[in-house]
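Enquirer: This structure is in C-alpha cells; I'll ask about it shortly.
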Amino acid sequence: MSTQAKIPPAMQPGLSYIHVTSQQSPQDISASVTSRDWNLNYLGPVGELDGEHIFEVRKSTGEVMKRDELAEGTGGVLDVVKGVQGVRGVKLLETKQRAKRNEF
C-alpha cells in the first residue's frame with residue numbers, strides 16, 4: 001500500500017488567509033458567504049484533517065485584502081464567516097517565512 005504525501009497549499013506572504021473549521025464542504029461555505037466587497041477562494045485542507053479548510057480572501061476587484069479588514073468585532077470577514085451555518089471556528093492565518101539555519 002503506497003501512501004501519497006499531500007502537498008500543502010501554497011500561501012504567499014502579503015495575502016490574507018483564514019482557517020475555517022466546519023463539517024460543510026468548502027463549496028457550501030463559499031456559497032453561503034455573500035459579499036459584494038470580497039471573495040473566498042478555497043486553497044485546500046489543513047493537512048489530513050477533516051473539516052479544516054484554508055481559504056484565501058481577496059477583494060472582489062482582485063486586489064489583496066489587508067489583514068486589518070479581516071479583523072473580528074468590526075463586521076469584517078471573520079465575523080461574516082463565523083455567522084455561516086455549521087461553521088465552528090474561524091482563525092486568521094499568519095504567513096511568514098521560516099528563518100534559514102546556519103549549516104556550519
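Identifiers for the C-alpha cells are assigned positionally: chains receive A, B, ... in sequence, residues are indexed from 1 per chain, and ligands are indexed from 1 in the order shown.
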Determine which residues of range 16-89 of chain A DSSP labels as helix (DSSP H, G or I) from the backbone of this structure, then write them out as a PDB file with C-alpha atoms, in the first residue's frame.
Expert:
```
ATOM      1  CA  PRO A  26     -15.675  24.257   1.122  1.00  0.00           C
ATOM      2  CA  GLN A  27     -18.053  24.930  -1.777  1.00  0.00           C
ATOM      3  CA  ASP A  28     -21.004  25.211   0.619  1.00  0.00           C
ATOM      4  CA  ILE A  29     -19.080  27.600   2.846  1.00  0.00           C
ATOM      5  CA  SER A  30     -18.086  29.816  -0.101  1.00  0.00           C
ATOM      6  CA  ALA A  31     -21.643  29.775  -1.466  1.00  0.00           C
ATOM      7  CA  SER A  32     -23.085  30.736   1.944  1.00  0.00           C
ATOM      8  CA  ARG A  67      -5.299  41.848   7.375  1.00  0.00           C
ATOM      9  CA  ASP A  68      -6.966  44.625   9.390  1.00  0.00           C
ATOM     10  CA  GLU A  69     -10.019  44.353   7.126  1.00  0.00           C
ATOM     11  CA  LEU A  70     -10.442  40.743   8.275  1.00  0.00           C
ATOM     12  CA  VAL A  77     -14.718  38.882   7.010  1.00  0.00           C
ATOM     13  CA  LEU A  78     -14.097  36.788  10.140  1.00  0.00           C
ATOM     14  CA  ASP A  79     -17.416  37.850  11.663  1.00  0.00           C
ATOM     15  CA  VAL A  80     -19.326  37.116   8.452  1.00  0.00           C
ATOM     16  CA  VAL A  81     -17.776  33.652   8.015  1.00  0.00           C
ATOM     17  CA  LYS A  82     -18.389  32.804  11.701  1.00  0.00           C
TER      18      LYS A  82
END
```
Enquirer: Fewer than 2 positions away in the same chain doesn't count, so skip those; otherwise give me all residues within 7 Å of range 40-47 of chain A, counting only C-alpha atoms, as a list of chain:residue names.
Expert: A:Pro8, A:Pro9, A:Pro26, A:Ser30, A:Leu49, A:Glu52, A:His53, A:Ile54, A:Phe55, A:Glu56, A:Val57, A:Arg58
Enquirer: Now that the selection is made, can you save its residues with N, CA and C atoms as a PDB file, in the first residue's frame?
Expert:
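As a result, result_11.pdb now contains:
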```pdb
ATOM      1  N   PRO A   8       0.983  20.704   0.795  1.00  0.00           N
ATOM      2  CA  PRO A   8       0.209  21.765   1.449  1.00  0.00           C
ATOM      3  C   PRO A   8      -0.078  22.902   0.480  1.00  0.00           C
ATOM      4  N   PRO A   9      -1.171  23.626   0.713  1.00  0.00           N
ATOM      5  CA  PRO A   9      -1.497  24.751  -0.161  1.00  0.00           C
ATOM      6  C   PRO A   9      -0.396  25.803  -0.131  1.00  0.00           C
ATOM      7  N   PRO A  26     -16.177  22.906   1.413  1.00  0.00           N
ATOM      8  CA  PRO A  26     -15.675  24.257   1.122  1.00  0.00           C
ATOM      9  C   PRO A  26     -16.574  25.008   0.143  1.00  0.00           C
ATOM     10  N   SER A  30     -18.257  28.688   0.826  1.00  0.00           N
ATOM     11  CA  SER A  30     -18.086  29.816  -0.101  1.00  0.00           C
ATOM     12  C   SER A  30     -19.427  30.317  -0.619  1.00  0.00           C
ATOM     13  N   LEU A  49      -6.634  16.648   8.076  1.00  0.00           N
ATOM     14  CA  LEU A  49      -7.775  16.816   8.976  1.00  0.00           C
ATOM     15  C   LEU A  49      -9.072  17.032   8.208  1.00  0.00           C
ATOM     16  N   GLU A  52     -11.348  20.881   8.246  1.00  0.00           N
ATOM     17  CA  GLU A  52     -10.434  22.015   8.445  1.00  0.00           C
ATOM     18  C   GLU A  52     -10.016  22.518   7.063  1.00  0.00           C
ATOM     19  N   HIS A  53     -10.331  23.785   6.774  1.00  0.00           N
ATOM     20  CA  HIS A  53     -10.136  24.322   5.433  1.00  0.00           C
ATOM     21  C   HIS A  53      -9.347  25.629   5.457  1.00  0.00           C
ATOM     22  N   ILE A  54      -8.583  25.870   4.392  1.00  0.00           N
ATOM     23  CA  ILE A  54      -7.870  27.132   4.231  1.00  0.00           C
ATOM     24  C   ILE A  54      -8.467  27.865   3.032  1.00  0.00           C
ATOM     25  N   PHE A  55      -8.825  29.128   3.265  1.00  0.00           N
ATOM     26  CA  PHE A  55      -9.365  29.989   2.214  1.00  0.00           C
ATOM     27  C   PHE A  55      -8.493  31.224   2.066  1.00  0.00           C
ATOM     28  N   GLU A  56      -8.336  31.669   0.828  1.00  0.00           N
ATOM     29  CA  GLU A  56      -7.691  32.952   0.544  1.00  0.00           C
ATOM     30  C   GLU A  56      -8.808  33.981   0.420  1.00  0.00           C
ATOM     31  N   VAL A  57      -8.585  35.176   0.966  1.00  0.00           N
ATOM     32  CA  VAL A  57      -9.581  36.234   0.905  1.00  0.00           C
ATOM     33  C   VAL A  57      -9.033  37.356   0.024  1.00  0.00           C
ATOM     34  N   ARG A  58      -9.805  37.697  -1.002  1.00  0.00           N
ATOM     35  CA  ARG A  58      -9.442  38.796  -1.908  1.00  0.00           C
ATOM     36  C   ARG A  58     -10.631  39.723  -2.084  1.00  0.00           C
TER      37      ARG A  58
END
```
Enquirer: As an exercise, work out the distance from CA of Leu15 in chain A to CA of Leu92 in chain A in Å and give it to one decimal place.
Expert: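 Rounded to one decimal, the two atoms are 11.2 Å apart.
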